[in-house]
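**Q** To start, I am sharing the structure in question, which I have written as structure tokens.
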Amino acid sequence: MTTKIYMDNAATTPVRDEVFDAILPYFKEYYGNASSVYSIAKESKKALEKAREQVAKGIGAKTEEIYFTAGGSESDNMALRGVAEALKTKGNHIITTKIEHHAILHTCEYLEKNGYEVTYLPVDEFGKIRLEELESSIRPETILISVMFANNEIGTIQPVGEIGKIAEKHGILFHTDAVQAVGHVPIHVEEMKIDLLSMSGHKLGGPKGIGAIYIRKGVPVQPLIFGGAQEKKKRAGTENIAGIVGLGKAVELATAEMSVETKRLLHLRDQLISGILEKVPYSRLNGHPTDRLPGNCNISFSYIEGESMLLLLDAIGVAASSGSACTSGSLDPSHVLMAIGLPHGVAHGSLRLTLDRGNTEEDVNFVLKKIPEIVQKLRDMSPLYEEIVNKKA
Amino acid sequence: MEYSEKVMDHFMNPRNVGVIEDASGVGQVGNLKCGDIMKVYLKIENGRIEDAKFKTFGCGAAVATSSMATELVKGKTLQEALEVTNKAVMEALDGLPPVKVHCSCLAEEALHAALWDYAQKNQMEIHGLKAPVEDIDELHQNENED
């Protein structure tokens, strides 16, 4: 079965046509190394700086505050390890949350093994941190607060502006992993008092293997990769010009189209959410009902398991994802779903559908027609559902 | 990770889904924590498994192994049924991805639990059959890859 309906846009997105066209000349035509002096290299240098400006504009930063990386994970690593290293004489405490991406969580675990202390803030039932709890976790030795902008699984958007105010008030640096947010929700690093921000190209119609980190002017970050003088010596390695051009173009397009596209997506998302909740008994929405990414729908179906749902959806050409243990290769369901307090059984039965530009109303209607059938088929096979039916009878 | 065609066939068209109302033995194993629960119903007459049905909460591998295991035990004597091990079920399915091997244990444990239930009810002993383990997850905890 080929995929007809792609609803896993939080995992990755197809490269947009405009982005693809913008990238192509930088493979064979303008292949020069941006560090060289001859004419062809000047094209690369020009493209590099244009993309930097496009990315900066998209998040309200200054051009010189954008550094290109190989993706969201590298940016997250660089923010945490780079600040920790640079400020190690100042303190050794970092505050983050329990629902971060593994690029943050596993970096924090690494730092803990190397003498740093990390506070993992819990979240409420909707996946939001409590601001009072954040503020009371601050210690004299706290050097960094890292809270994701929007969650990749449940779509919940954090009160980033408020977090920024708290960080500024206490003179602590604030990093946000905005991989899921850039190009999807308005971001302004100045207004939101963000000191460092991670982004990735392939979540917004750009290519894979390219990302960027915004570092506010004056914020000390020790580089992860040493070598040449690229990216003002913050990130060595010959620039991935094609990727960088793609990221710049993708951010520019997404920012320009955001208000129109968000409106369209919100309509589809809410249709999908309310349709499923209405048609399928024993289902619940995961994440915040309104403060959530415009394309994110995450629903748990009691008494069934997520991977089974994904296989049945794939069989009819629908691509989706789940927080079930069986889709992660471990025995535990998603740490995010556990953090919002779902019981194991309900967490295993989660389904994430993430919409983007490619999705239409027809897609949503098709999925809305099929999901109740798929859930019922699995429930008819489930010993847990049998118990519920027997109890009711 | 990819499932074999046989696994997909048994997942998409599972055999023997259901309940046997007057079952001779019933066994349920697994728990919600790991996300796999299997319940097996056996109809046993004259020392032979006349019918087998199952209900399973779990992933594709769990459903497929449930389907295959119930297929394999039908028509077998109790002693022969004990030879339907997780390895035998897995082989009959042309293998499982490494991260899914633990799911196949569920089918063997559930069969054994149902046979044990039958033996208890009939105050008999099936040679080589042990009492079911309370929580099979405990056995497979260290397979966690994360």
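Chain labels follow the order of the structure tokens: the first chain is A, the next B, and so on; residue numbering restarts at 1 in every chain, and ligands are counted from 1 in their shown order.
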Please return, as a PyMOL selection string, all residues of segment 54-160 of chain A that DSSP assigns to strand (DSSP E or B) on the basis of the backbone.
**A** chain A and resi 66-69+93-97+117-121+142-146+150+156-157
**Q** I want to know what sits within 12 Å of Asp21 of chain A, based on only C-alpha atoms, with residues of the same chain fewer than 3 positions away left out; could you give that as a ChimeraX atom specification?
**A** /A:15-18,24-27,206-207,242,245-246,249-250
**Q** Can you work out which residues from chain A touch chain B at a cut-off of 10 Å (counting only C-alpha atoms) and hand them back as a PyMOL selection string?
**A** chain A and resi 303-312+315+324-333+343-349+378-386
**Q** Find the residues near Ala52 of chain B: any atom within 8 Å, counting only C-alpha atoms, skip ones fewer than 6 places away on the same chain, and give them as a PyMOL selection string.
**A** chain B and resi 16+20+40-43+70-71+73-74
**Q** Kindly save the residues from that selection, with N, CA and C atoms included, as a PDB file, in the first residue's frame.
**A**
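Final output, saved to part02.pdb:
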```
ATOM      1  N   ASN B  16      -9.290 -17.192  14.640  1.00  0.00           N
ATOM      2  CA  ASN B  16      -9.711 -17.610  15.996  1.00  0.00           C
ATOM      3  C   ASN B  16      -9.923 -16.466  16.994  1.00  0.00           C
ATOM      4  N   ILE B  20     -14.872 -18.660  23.784  1.00  0.00           N
ATOM      5  CA  ILE B  20     -15.585 -19.944  23.853  1.00  0.00           C
ATOM      6  C   ILE B  20     -16.373 -19.914  25.160  1.00  0.00           C
ATOM      7  N   VAL B  40      -6.670 -16.572  26.295  1.00  0.00           N
ATOM      8  CA  VAL B  40      -6.884 -17.751  25.453  1.00  0.00           C
ATOM      9  C   VAL B  40      -7.987 -18.631  26.039  1.00  0.00           C
ATOM     10  N   TYR B  41      -8.849 -19.070  25.158  1.00  0.00           N
ATOM     11  CA  TYR B  41      -9.919 -19.999  25.544  1.00  0.00           C
ATOM     12  C   TYR B  41      -9.667 -21.332  24.837  1.00  0.00           C
ATOM     13  N   LEU B  42      -9.711 -22.441  25.582  1.00  0.00           N
ATOM     14  CA  LEU B  42      -9.518 -23.755  24.962  1.00  0.00           C
ATOM     15  C   LEU B  42     -10.734 -24.631  25.209  1.00  0.00           C
ATOM     16  N   LYS B  43     -11.116 -25.354  24.149  1.00  0.00           N
ATOM     17  CA  LYS B  43     -12.166 -26.363  24.295  1.00  0.00           C
ATOM     18  C   LYS B  43     -11.453 -27.702  24.167  1.00  0.00           C
ATOM     19  N   THR B  70      -2.965 -20.077  18.345  1.00  0.00           N
ATOM     20  CA  THR B  70      -4.252 -20.778  18.447  1.00  0.00           C
ATOM     21  C   THR B  70      -4.452 -21.716  17.259  1.00  0.00           C
ATOM     22  N   GLU B  71      -3.969 -21.300  16.079  1.00  0.00           N
ATOM     23  CA  GLU B  71      -4.030 -22.191  14.912  1.00  0.00           C
ATOM     24  C   GLU B  71      -3.235 -23.467  15.170  1.00  0.00           C
ATOM     25  N   VAL B  73      -2.314 -24.993  17.937  1.00  0.00           N
ATOM     26  CA  VAL B  73      -2.692 -25.953  18.989  1.00  0.00           C
ATOM     27  C   VAL B  73      -3.982 -26.721  18.662  1.00  0.00           C
ATOM     28  N   LYS B  74      -4.719 -26.200  17.721  1.00  0.00           N
ATOM     29  CA  LYS B  74      -5.997 -26.878  17.412  1.00  0.00           C
ATOM     30  C   LYS B  74      -5.740 -28.296  16.909  1.00  0.00           C
TER      31      LYS B  74
END
```
**Q** What lies within 8 Å of Ile40 of chain A using only C-alpha atoms, ignoring chain neighbours under 6 positions off, as a list in words?
**A**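 With the cut-off at 8 Å, the set is Tyr30, Tyr31 and Gly32 of chain A.
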**Q** Could you check how far atom CA of Glu117 of chain A sits from atom CA of Thr89 of chain A, in Å to one decimal?
**A**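 Atom-to-atom, atom CA of Glu117 of chain A and atom CA of Thr89 of chain A are spaced 13.9 Å apart.
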**Q** Pick from A:Ala86, A:Ile316, A:Val182, A:Ile374: nearest to Gly218 of chain A, with only C-alpha atoms counted?
**A**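 Smallest distance to Gly218 of chain A is found for A:Ala86.
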**Q** For the atom pair atom CA of Leu105 of chain A and atom CA of Ile59 of chain A, what is the interatomic distance in Å to one decimal place?
**A** 24.3 Å
**Q** Suppose you want the space between atom CA of Val219 of chain A and atom CA of Leu173 of chain A; what is it in Å?
**A**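 Atom-to-atom, atom CA of Val219 of chain A and atom CA of Leu173 of chain A are spaced 8.1 Å apart.
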**Q** For each of A:Lys62, A:His335, A:Lys232, A:Arg130, take the minimum atom-to-atom distance to Glu100 of chain A, counting only C-alpha atoms, then give the residue where this is smallest.
**A**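 The answer is A:His335, which sits nearest to Glu100 of chain A.
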**Q** Which residues are close to Ala107 of chain B, i.e. within 7 Å by only C-alpha atoms, leaving aside same-chain residues fewer than 4 positions away? Reply as a list of chain:residue names.
**A**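 Here the qualifying residues turn out to be B:Thr65, B:Ser66, B:Ala69, B:Asn86, B:Leu111.
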**Q** Could you write those residues out with N, CA, C and O atoms, as an mmCIF file, in the first residue's frame?
**A**
```cif
data_model
loop_
_atom_site.group_PDB
_atom_site.id
_atom_site.type_symbol
_atom_site.label_atom_id
_atom_site.label_comp_id
_atom_site.auth_asym_id
_atom_site.auth_seq_id
_atom_site.Cartn_x
_atom_site.Cartn_y
_atom_site.Cartn_z
ATOM 1 N N THR B 65 0.923 -13.385 16.743
ATOM 2 C CA THR B 65 1.356 -14.587 17.472
ATOM 3 C C THR B 65 0.158 -15.256 18.146
ATOM 4 O O THR B 65 0.095 -16.485 18.213
ATOM 5 N N SER B 66 -0.809 -14.465 18.601
ATOM 6 C CA SER B 66 -2.015 -15.040 19.194
ATOM 7 C C SER B 66 -2.746 -15.876 18.150
ATOM 8 O O SER B 66 -3.184 -16.996 18.413
ATOM 9 N N ALA B 69 -0.598 -19.017 17.240
ATOM 10 C CA ALA B 69 -0.523 -19.988 18.336
ATOM 11 C C ALA B 69 -1.834 -20.764 18.457
ATOM 12 O O ALA B 69 -1.825 -21.988 18.630
ATOM 13 N N ASN B 86 7.108 -20.404 22.075
ATOM 14 C CA ASN B 86 7.199 -19.108 21.386
ATOM 15 C C ASN B 86 8.104 -19.216 20.155
ATOM 16 O O ASN B 86 7.867 -18.574 19.141
ATOM 17 N N LEU B 111 -1.199 -19.729 26.453
ATOM 18 C CA LEU B 111 -1.587 -21.128 26.202
ATOM 19 C C LEU B 111 -1.358 -21.968 27.449
ATOM 20 O O LEU B 111 -2.228 -22.738 27.864
#
```
**Q** Skipping near chain neighbours, those fewer than 2 positions away, what residues fall within 7 Å of Val7 of chain B using only C-alpha atoms, listed as a PDB file with N, CA and C atoms, in the first residue's frame?
**A**
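Result file follows (part_11.pdb):
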```pdb
ATOM      1  N   TYR B   3       7.560  -6.247   9.427  1.00  0.00           N
ATOM      2  CA  TYR B   3       6.967  -7.555   9.697  1.00  0.00           C
ATOM      3  C   TYR B   3       6.990  -8.418   8.443  1.00  0.00           C
ATOM      4  N   SER B   4       7.081  -9.726   8.633  1.00  0.00           N
ATOM      5  CA  SER B   4       7.015 -10.650   7.501  1.00  0.00           C
ATOM      6  C   SER B   4       5.590 -10.650   6.931  1.00  0.00           C
ATOM      7  N   GLU B   5       5.468 -11.183   5.715  1.00  0.00           N
ATOM      8  CA  GLU B   5       4.135 -11.253   5.098  1.00  0.00           C
ATOM      9  C   GLU B   5       3.185 -12.090   5.939  1.00  0.00           C
ATOM     10  N   ASP B   9      -0.314 -11.014   7.445  1.00  0.00           N
ATOM     11  CA  ASP B   9      -1.531 -11.761   7.120  1.00  0.00           C
ATOM     12  C   ASP B   9      -2.294 -12.111   8.398  1.00  0.00           C
ATOM     13  N   HIS B  10      -1.565 -12.617   9.409  1.00  0.00           N
ATOM     14  CA  HIS B  10      -2.235 -13.008  10.655  1.00  0.00           C
ATOM     15  C   HIS B  10      -2.688 -11.798  11.467  1.00  0.00           C
ATOM     16  N   PHE B  11      -2.046 -10.648  11.220  1.00  0.00           N
ATOM     17  CA  PHE B  11      -2.519  -9.439  11.902  1.00  0.00           C
ATOM     18  C   PHE B  11      -3.763  -8.877  11.210  1.00  0.00           C
ATOM     19  N   ALA B  61       2.533  -7.675  16.349  1.00  0.00           N
ATOM     20  CA  ALA B  61       3.197  -8.945  16.650  1.00  0.00           C
ATOM     21  C   ALA B  61       2.396  -9.741  17.671  1.00  0.00           C
ATOM     22  N   ALA B  64      -0.653 -11.212  15.851  1.00  0.00           N
ATOM     23  CA  ALA B  64      -0.258 -12.265  14.911  1.00  0.00           C
ATOM     24  C   ALA B  64       0.184 -13.529  15.646  1.00  0.00           C
ATOM     25  N   LEU B  93       5.638 -18.010  11.793  1.00  0.00           N
ATOM     26  CA  LEU B  93       5.329 -16.677  11.249  1.00  0.00           C
ATOM     27  C   LEU B  93       6.483 -16.126  10.406  1.00  0.00           C
TER      28      LEU B  93
END
```
**Q** Residues within 12 Å of Ile49 of chain B, please, as a compact mmCIF listing (two decimals) with N, CA and C atoms, in the first residue's frame. Count only C-alpha atoms; anything in the same chain fewer than 2 positions from it doesn't count.
**A**
```txt
# COMPACT_ATOMS: atom_id res chain seq x y z
N ALA B 23 -15.75 -22.84 27.71
CA ALA B 23 -14.34 -23.24 27.56
C ALA B 23 -13.92 -24.21 28.66
N SER B 24 -13.04 -25.15 28.29
CA SER B 24 -12.52 -26.09 29.28
C SER B 24 -11.40 -25.44 30.09
N GLY B 25 -10.71 -24.50 29.46
CA GLY B 25 -9.63 -23.80 30.16
C GLY B 25 -9.49 -22.40 29.61
N TYR B 41 -8.85 -19.07 25.16
CA TYR B 41 -9.92 -20.00 25.54
C TYR B 41 -9.67 -21.33 24.84
N LEU B 42 -9.71 -22.44 25.58
CA LEU B 42 -9.52 -23.76 24.96
C LEU B 42 -10.73 -24.63 25.21
N LYS B 43 -11.12 -25.35 24.15
CA LYS B 43 -12.17 -26.36 24.30
C LYS B 43 -11.45 -27.70 24.17
N ILE B 44 -11.46 -28.47 25.26
CA ILE B 44 -10.70 -29.72 25.27
C ILE B 44 -11.65 -30.91 25.44
N GLU B 45 -11.53 -31.87 24.52
CA GLU B 45 -12.36 -33.08 24.62
C GLU B 45 -11.49 -34.31 24.40
N ASN B 46 -11.63 -35.28 25.26
CA ASN B 46 -10.87 -36.52 25.18
C ASN B 46 -9.36 -36.26 25.05
N GLY B 47 -8.88 -35.31 25.82
CA GLY B 47 -7.44 -35.05 25.83
C GLY B 47 -6.92 -34.34 24.60
N ASP B 51 -10.94 -26.85 20.05
CA ASP B 51 -11.07 -25.47 19.54
C ASP B 51 -10.25 -24.52 20.42
N ALA B 52 -9.80 -23.44 19.80
CA ALA B 52 -9.04 -22.43 20.54
C ALA B 52 -9.45 -21.06 20.03
N LYS B 53 -9.67 -20.14 20.96
CA LYS B 53 -10.01 -18.76 20.58
C LYS B 53 -9.17 -17.81 21.43
N THR B 70 -2.97 -20.08 18.35
CA THR B 70 -4.25 -20.78 18.45
C THR B 70 -4.45 -21.72 17.26
N GLU B 71 -3.97 -21.30 16.08
CA GLU B 71 -4.03 -22.19 14.91
C GLU B 71 -3.24 -23.47 15.17
N LEU B 72 -2.04 -23.28 15.71
CA LEU B 72 -1.12 -24.42 15.88
C LEU B 72 -1.61 -25.43 16.91
N VAL B 73 -2.31 -24.99 17.94
CA VAL B 73 -2.69 -25.95 18.99
C VAL B 73 -3.98 -26.72 18.66
N LYS B 74 -4.72 -26.20 17.72
CA LYS B 74 -6.00 -26.88 17.41
C LYS B 74 -5.74 -28.30 16.91
N GLY B 75 -6.45 -29.26 17.49
CA GLY B 75 -6.31 -30.66 17.08
C GLY B 75 -5.19 -31.39 17.81
N LYS B 76 -4.42 -30.68 18.61
CA LYS B 76 -3.28 -31.31 19.28
C LYS B 76 -3.69 -31.91 20.63
N THR B 77 -2.95 -32.91 21.06
CA THR B 77 -3.14 -33.43 22.42
C THR B 77 -2.52 -32.41 23.37
N LEU B 78 -2.83 -32.56 24.66
CA LEU B 78 -2.31 -31.60 25.63
C LEU B 78 -0.78 -31.61 25.64
N GLN B 79 -0.24 -32.83 25.53
CA GLN B 79 1.22 -32.96 25.54
C GLN B 79 1.83 -32.30 24.30
N GLU B 80 1.18 -32.52 23.16
CA GLU B 80 1.66 -31.92 21.91
C GLU B 80 1.56 -30.38 21.97
N ALA B 81 0.49 -29.93 22.64
CA ALA B 81 0.27 -28.47 22.72
C ALA B 81 1.41 -27.77 23.44
N LEU B 82 2.04 -28.49 24.37
CA LEU B 82 3.16 -27.90 25.10
C LEU B 82 4.35 -27.63 24.19
N LEU B 111 -1.20 -19.73 26.45
CA LEU B 111 -1.59 -21.13 26.20
C LEU B 111 -1.36 -21.97 27.45
N ALA B 114 -3.89 -21.30 30.09
CA ALA B 114 -5.19 -21.92 29.80
C ALA B 114 -5.13 -23.42 30.08
N LEU B 115 -4.02 -24.05 29.72
CA LEU B 115 -3.86 -25.48 29.98
C LEU B 115 -3.80 -25.74 31.49
N TYR B 118 -7.21 -25.60 32.91
CA TYR B 118 -7.91 -26.85 32.60
C TYR B 118 -7.46 -27.96 33.55
```
**Q** Find the residue from B:Glu125, B:Glu108, B:Asp117, B:Asp94 that sits nearest to Val26 of chain B; use only C-alpha atoms when measuring.
**A**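 Closest residue, counting only C-alpha atoms: B:Asp117.
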